[in-house]
There are 6 protein chains.
Amino acid sequence: MSIPTITRPPADLVERVRQVGAATASATLAHMGLRNCFITGPVSWNKGKVVAGPAVTLQCMPKREDMLDEGEYADVEKQLHRHVLYQVEKGDMVVVDGRGDMTSGIFGDMMSTYFKGRGGAGMVIDGCVRDWGKIKKLDIPMWLRGVTPNYHAQTNIMPFAVNVTIACGGVTVVPGDIILADDDGAVCVPVALAEAMIEKAHKDHGWEQFSKMKLLQGESLQRYYPLHQDARPEYEEWLKQDPSK
Amino acid sequence: MSIPTITRPPADLVERVRQVGAATASATLAHMGLRNCFITGPVSWNKGKVVAGPAVTLQCMPKREDMLDEGEYADVEKQLHRHVLYQVEKGDMVVVDGRGDMTSGIFGDMMSTYFKGRGGAGMVIDGCVRDWGKIKKLDIPMWLRGVTPNYHAQTNIMPFAVNVTIACGGVTVVPGDIILADDDGAVCVPVALAEAMIEKAHKDHGWEQFSKMKLLQGESLQRYYPLHQDARPEYEEWLKQDPSK
Amino acid sequence: MSIPTITRPPADLVERVRQVGAATASATLAHMGLRNCFITGPVSWNKGKVVAGPAVTLQCMPKREDMLDEGEYADVEKQLHRHVLYQVEKGDMVVVDGRGDMTSGIFGDMMSTYFKGRGGAGMVIDGCVRDWGKIKKLDIPMWLRGVTPNYHAQTNIMPFAVNVTIACGGVTVVPGDIILADDDGAVCVPVALAEAMIEKAHKDHGWEQFSKMKLLQGESLQRYYPLHQDARPEYEEWLKQDPSK
Amino acid sequence: MSIPTITRPPADLVERVRQVGAATASATLAHMGLRNCFITGPVSWNKGKVVAGPAVTLQCMPKREDMLDEGEYADVEKQLHRHVLYQVEKGDMVVVDGRGDMTSGIFGDMMSTYFKGRGGAGMVIDGCVRDWGKIKKLDIPMWLRGVTPNYHAQTNIMPFAVNVTIACGGVTVVPGDIILADDDGAVCVPVALAEAMIEKAHKDHGWEQFSKMKLLQGESLQRYYPLHQDARPEYEEWLKQDPSK
Amino acid sequence: MSIPTITRPPADLVERVRQVGAATASATLAHMGLRNCFITGPVSWNKGKVVAGPAVTLQCMPKREDMLDEGEYADVEKQLHRHVLYQVEKGDMVVVDGRGDMTSGIFGDMMSTYFKGRGGAGMVIDGCVRDWGKIKKLDIPMWLRGVTPNYHAQTNIMPFAVNVTIACGGVTVVPGDIILADDDGAVCVPVALAEAMIEKAHKDHGWEQFSKMKLLQGESLQRYYPLHQDARPEYEEWLKQDPSK
Amino acid sequence: MSIPTITRPPADLVERVRQVGAATASATLAHMGLRNCFITGPVSWNKGKVVAGPAVTLQCMPKREDMLDEGEYADVEKQLHRHVLYQVEKGDMVVVDGRGDMTSGIFGDMMSTYFKGRGGAGMVIDGCVRDWGKIKKLDIPMWLRGVTPNYHAQTNIMPFAVNVTIACGGVTVVPGDIILADDDGAVCVPVALAEAMIEKAHKDHGWEQFSKMKLLQGESLQRYYPLHQDARPEYEEWLKQDPSK
């Protein structure tokens with residue numbers, strides 16, 4: 001079994017992508033020509049997390065009994081959902097094309113525990129996990145379609161390849177892409193566009209904290225969102241009062 | 001741009017509708033001939049709220065690039081999702097036909113902040129919002145299909161008209177209709193039927209607190225739900241003991 | 001109206017099934033030849049519950065006005081969603097084929113209160129309940145597709161039969177089958193297979209607590225999951241240190 | 001195995017229902033209070049047929065390996081899709097709740113040939129048949145969701161009961177109901193409502209041939225559809241010219 | 001009742017759009033910036049037609065019993081599906097947002113006959129018609145989701161507005177837009193883009209007949225599709241031999 | 001661009017698979033342990049064809065603008081839907097994972113013409129083609145989800161890889177697998193199982209022509225399907241009368 005290794009982006013770049021947040025990243029990439037980088041379907045199962053990391057990928061395919069050596073007497077080392085975890089390094093995001101299947105739990109408590117032991121950052125699965133009652137206590141950031149008691153190859157699908165380009169929730173994910181996920185969901189940030197995205201995001205949205213304060217006071221949307229040039233001096237004045245903003 | 005203004009029902013009527021609750025309102029309207037007034041799809045994203053208010057509406061349509069002047073250099077005042085918020089008065093419910101789209105965030109943090117600043121009562125969106133990590137802190141009662149990082153016109157839809165009659169979650173909503181929403185979901189109460197609905201609801205369900213107490217003690221469903229005439233004296237006795245009930 | 005009575009499995013058997021948990025039960029039954037016993041669709045609405053009980057069933061069918069005597073002046077005792085609750089004994093699970101309908105609330109606050117008064121263990125409904133704001137306070141373990149303000153026969157479906165074999169979430173459920181449900185969802189355990197399932201589950205998974213401890217420390221997945229024969233002495237040593245495990 | 005026998009309506013009544021046609025029957029029943037008797041999903045696979053007959057029903061359920069004795073060495077007489085055909089008499093309609101499954105062919109060439117040999121009138125299947133290349137040559141009127149090479153219990157479902165009340169395409173069908181099907185699809189006409197439906201249909205639609213002739217000439221829709229009282233003398237004059245109309 | 005009148009494009013322009021065909025029109029508009037003008041869902045029910053005409057529109061909305069005066073004793077002139085046909089002039093295309101509903105037949109035999117009498121060019125309905133057995137004999141070009149015996153307002157929807165901008169099959173259609181439909185389906189060509197689309201289509205695809213001849217002989221795809229500049233002299237030679245091409 | 005070449009099974013084996021037919025092949029493989037080899041979704045668009053051939057595959061993925069060099073000025077030789085056709089040899093079946101997309105026409109008239117020029121046997125596409133009005137005249141056996149005027153990369157997807165293992169209609173297809181398709185749909189026959197499948201199919205179904213004749217005469221299903229041992233002498237007698245059967 002030959003698993004491709006991935007090229008990871010610099011940790012500093014990943015962290016700066018993380019700070020942008022999914023909403024601003026997705027919108028900024030759209031204005032840069034990437035119509036949709038939002039992985040639709042998987043939703044946050046432990047709200048409040050904001051994580052980013054390089055994508056380590058697992059591709060599932062429709063189950064074919066002549067290609068799957070599953071069962072209690074089979075060699076477990078042939079199971080590819082194990083091998084994707086063997087690839088995980090500290091800070092990685094595991095991204096799984098689970099084909100949206102609601103009757104296959106890609107990982108359970110034991111595999112998730114192993115993932116946590118390896119220092120993985122989080123998981124985005126277009127499908128389900130099992131053992132949720134136990135997994136939730138591990139507090140691993142997870143974006144899922146749902147949960148199920150069934151195991152990974154019990155009904156319709158089987159793990160098929162690790163670290164290949166996959167489709168996940170309507171987005172093509174290349175191993176090594178930066179996956180950024182928060183309460184809004186997960187987005188895929190191509191490494192080659194990451195720096196430009198960060199720069200553009202800061203330019204377009206730097207004044208939002210100031211504007212939000214104004215809007216909450218019932219002030220004019222026209223003046224403060226987006227920041228009108230007439231209000232820019234006011235904003236700069238406000239900034240000066242506390243440069244830490 | 002000419003936006004129709006809406007006729008708002010009396011605040012007192014709205015409040016009395018609110019006190020009925022979505023379940024009793026929906027069932028009562030059904031017995032009055034309105035088969036279904038339940039807006040199916042959007043669900044409560046901050047449980048425990050019970051709100052009512054006149055509908056201010058936004059209609060989205062499939063995106064057509066020749067009809068949409070979107071983008072960073074466009075005139076933001078042409079964006080109709082702003083104009084629906086300009087229409088909001090204290091106590092209003094914003095209702096959006098977001099076409100069930102899961103890749104468009106109709107409003108984000110800034111727009112929601114502005115909505116809160118104007119005193120809006122809540123939002124019912126057959127679609128998504130973005131910036132949920134921030135919006136949830138605003139504690140605006142919201143019934144949504146989901147959340148997304150994408151902005152309002154990023155992929156498939158565009159805001160098209162404000163304060164026109166819309167379809168939302170399988171229900172036709174006329175601007176000014178009373179929207180009543182709680183943990184069960186949102187219902188649309190036509191103003192012309194509101195008084196009759198309230199009266200009928202009180203007649204049919206006034207004894208429920210008494211009956212519930214009995215059922216919790218394992219008493220007969222036949223006797224207490226609906227309240228049998230044989231049990232009515234018992235109920236009236238109970239009422240007398242504490243007229244505040 | 002003639003309602004079949006069900007044969008309930010011994011309470012001790014039910015309790016031992018409960019202790020297995022849904023994930024291990026489903027996987028073990030799969031290895032015994034039952035491809036899927038997971039009731040797909042209904043999800044836990046009050047996380048953290050682990051319950052089991054014999055199935056008391058309610059079948060809904062598409063509404064046919066010539067077969068339904070519904071309405072405010074109708075004889076409520078003809079309503080079969082009442083009769084399924086009359087069948088409930090302490091510890092029973094009510095399982096409803098609600099046809100996945102999102103606009104019918106099979107039970108409301110009053111019926112749920114009566115169910116709690118009778119000592120029911122929980123409900124699995126391929127459909128919705130209404131009055132969620134009140135029902136959640138009853139803390140009845142419930143697996144649902146959703147909630148709605150609509151009542152049980154308001155739009156598309158009608159209760160049709162009690163204690164017949166039903167399809168629920170893609171699984172055929174025979175009255176008296178053991179329903180086991182937790183955060184992963186609900187599974188149907190055929191009574192005739194229950195003892196063998198329990199035995200096999202214990203054999204296959206007894207060492208998991210030990211292995212999980214190891215994995216959390218970043219130890220080898222190959223060695224500890226599933227437990228390799230080389231690691232068995234280590235496991236047995238660990239066991240000896242505290243036989244209560 | 002005990003299969004209920006059905007009570008068949010008089011052949012003359014069935015024939016008069018057939019002559020009404022599905023569209024007029026469905027609309028007339030709606031005006032009589034039956035909101036929807038249209039079996040949605042199955043469509044005509046051999047256009048131009050207009051058939052009616054009493055419903056002989058087959059119910060499928062999700063496959064459960066512990067309840068199904070399928071396979072090449074099994075007793076074929078236990079297969080219920082055979083038994084529904086044993087019940088068929090000349091002029092009967094076989095109606096199958098195939099659960100909308102697109103990977104199960106309820107009947108194949110051999111079973112369909114046997115059905116034709118018994119004089120069956122047609123089939124309405126919320127699901128598929130197999131061997132379509134051969135079945136189409138038998139020219140049996142069939143309303144199907146599709147075709148598949150798979151056999152009846154190959155993947156997800158199993159035949160479960162014969163001549164019980166079933167749901168088919170969103171309509172509850174009682175064995176013995178009159179099924180009327182043409183290019184518009186299949187409708188279920190309750191026997192008890194059949195005479196009244198026929199009478200009302202003739203009253204409401206007798207003049208349509210006359211009106212259609214006028215409309216094709218570009219004449220006024222207001223005058224001729226529905227037939228205005230001012231145009232009734234003209235219609236009666238036309239009728240007199242050829243009483244065969 | 002006030003129905004907006006539409007502005008029709010010149011008949012000559014409509015005819016030249018028709019000659020482009022749906023596939024080339026859709027692709028050319030996409031290269032001009034209109035991502036998708038294909039009305040997804042309705043398919044040709046009488047293959048081989050190629051028609052174009054200005055859109056006359058009908059919008060349906062979810063049925064609301066307090067807004068619909070339907071029934072056998074109602075004033076039929078209030079029914080808006082009649083009024084959209086009153087607007088039809090020779091060559092017009094009727095486009096209906098039937099909300100994808102499979103249980104409502106927007107038009108039946110009589111209305112379709114009237115449409116033919118008025119000289120309508122064709123219909124595109126995101127929904128169904130009824131009386132298909134009769135309508136097919138009228139040979140009106142129709143693009144539909146399906147057929148049903150049910151009438152226009154029998155179950156879930158009601159006609160709501162005529163000649164307003166509608167969504168149909170995922171495309172926003174403005175009354176007066178040119179609808180072009182053939183075996184591939186229907187596309188919406190904005191009038192303002194029509195001339196430019198025609199010009200560009202001719203430039204990009206004029207050589208296709210020549211290339212197709214070559215490809216059928218097994219010649220090089222690289223050389224003939226798209227036409228390589230090296231092959232252009234060969235094409236021009238071929239053209240000269242028969243300028244009628 | 002490096003495209004894997006496929007290993008084709010012997011033409012004689014392919015032809016013998018073809019003669020089995022999709023229904024018998026699918027059922028026989030199921031009895032051999034392959035639960036489902038039916039490619040669900042694509043249906044025959046030109047009925048009456050029975051074809052088989054080795055699979056040449058094309059995988060589509062969600063469109064990503066930074067990975068796609070599409071547009072009128074782009075290098076067409078980078079388009080992978082061209083390269084899959086370059087791989088086609090006489091008798092091959094092109095199988096495309098078009099992701100079920102209804103707004104992308106994988107091939108049009110010109111590409112289909114080229115395919116025919118190369119001697120391809122047929123196409124199975126989990127998606128659409130465009131130019132159907134022209135393609136149907138080429139009479140290429142095609143199994144499709146539908147047709148569209150849109151081109152291959154116009155909206156949501158892009159061709160991504162040629163001759164890799166793909167999922168198509170719920171079945172994993174390996175390049176070189178034998179695809180067998182007829183009016184029932186397409187099935188994937190793994191080469192390694194083909195001989196055993198053929199042998200078993202002949203053993204199980206050789207007597208069907210005889211039995212069908214009997215059933216059409218209204219004879220006993222128990223005796224003739226499957227052929228009962230008591231009827232075997234009768235069958236052998238019939239065979240003797242005409243050994244060509």
# chains A, B, ... in the order shown; residues from 1 in each chain; ligands from 1
>>> select_by_dssp(residues="region 30-127 of chain E", states="strand (DSSP E)", output="MDAnalysis selection string")
chainID E and resid 38:39 43:44 51:62 93:97 122:125
>>> write_last_selection(atoms="C-alpha atoms", output="JSON list (two decimals), in the first residue's frame")
[["chain", "number", "residue", "atom", "x", "y", "z"],
["E", 38, "PHE", "CA", -31.00, 26.67, -18.73],
["E", 39, "ILE", "CA", -34.39, 26.04, -17.17],
["E", 43, "VAL", "CA", -38.09, 18.32, -20.31],
["E", 44, "SER", "CA", -39.48, 18.00, -23.81],
["E", 51, "VAL", "CA", -39.40, 26.84, -30.85],
["E", 52, "ALA", "CA", -38.79, 30.35, -29.57],
["E", 53, "GLY", "CA", -41.05, 33.14, -28.42],
["E", 54, "PRO", "CA", -41.47, 35.91, -25.89],
["E", 55, "ALA", "CA", -42.25, 34.75, -22.35],
["E", 56, "VAL", "CA", -45.75, 35.28, -20.97],
["E", 57, "THR", "CA", -45.47, 34.25, -17.33],
["E", 58, "LEU", "CA", -47.60, 32.69, -14.59],
["E", 59, "GLN", "CA", -46.43, 32.56, -10.99],
["E", 60, "CYS", "CA", -47.84, 29.95, -8.62],
["E", 61, "MET", "CA", -47.57, 30.21, -4.85],
["E", 62, "PRO", "CA", -48.26, 27.82, -1.96],
["E", 93, "MET", "CA", -44.29, 31.03, -25.00],
["E", 94, "VAL", "CA", -46.17, 30.49, -21.74],
["E", 95, "VAL", "CA", -43.72, 30.00, -18.86],
["E", 96, "VAL", "CA", -45.04, 28.80, -15.52],
["E", 97, "ASP", "CA", -43.40, 28.63, -12.12],
["E", 122, "GLY", "CA", -45.27, 26.44, -26.73],
["E", 123, "MET", "CA", -45.22, 26.04, -22.98],
["E", 124, "VAL", "CA", -42.48, 25.60, -20.40],
["E", 125, "ILE", "CA", -43.87, 24.51, -17.03]]
>>> closest_atom_pairs(of="chain C", to="chain B", cutoff="7 Å", atoms="only C-alpha atoms", output="Markdown table")
| residue | atom | partner | partner_atom | distance |
| --- | --- | --- | --- | --- |
| C:Met110 | CA | B:Lys212 | CA | 5.9 |
| C:Thr113 | CA | B:Leu216 | CA | 5.4 |
| C:Tyr114 | CA | B:Leu215 | CA | 4.8 |
| C:Lys116 | CA | B:Leu216 | CA | 6.6 |
| C:Gly117 | CA | B:Gly218 | CA | 4.2 |
| C:Arg118 | CA | B:Gly218 | CA | 5.6 |
| C:Arg130 | CA | B:Asp184 | CA | 6.2 |
| C:Asp131 | CA | B:Ala23 | CA | 6.0 |
| C:Trp132 | CA | B:Asp184 | CA | 5.8 |
| C:Gly133 | CA | B:Asp183 | CA | 5.5 |
| C:Val147 | CA | B:Asp184 | CA | 5.4 |
| C:Thr148 | CA | B:Asp184 | CA | 4.7 |
| C:Pro149 | CA | B:Ala23 | CA | 3.8 |
| C:Asn150 | CA | B:Ser26 | CA | 5.9 |
| C:Tyr151 | CA | B:Ala27 | CA | 6.2 |
| C:Gln154 | CA | B:Arg35 | CA | 6.8 |
| C:Thr155 | CA | B:Arg35 | CA | 6.5 |
>>> residues_around(residues="Arg99 (chain C)", least_positions_apart="6", cutoff="12 Å", atoms="only C-alpha atoms", output="MDAnalysis selection string")
(chainID C and resid 41:42 58:63 105:106 125:128 144:145 152 156:160 166:170) or (chainID D and resid 99 167 169:170)
>>> atom_distance(atom1="CA of Ser2 (chain D)", atom2="CA of Leu80 (chain D)")
11.0 Å
>>> atom_distance(atom1="CA of Asp177 (chain F)", atom2="CA of Asp66 (chain A)")
12.5 Å
>>> residues_around(residues="Glu236 (chain C)", least_positions_apart="4", cutoff="12 Å", atoms="only C-alpha atoms", output="PyMOL selection string")
chain C and resi 206-207+210-211+227+229-232+240-243+245
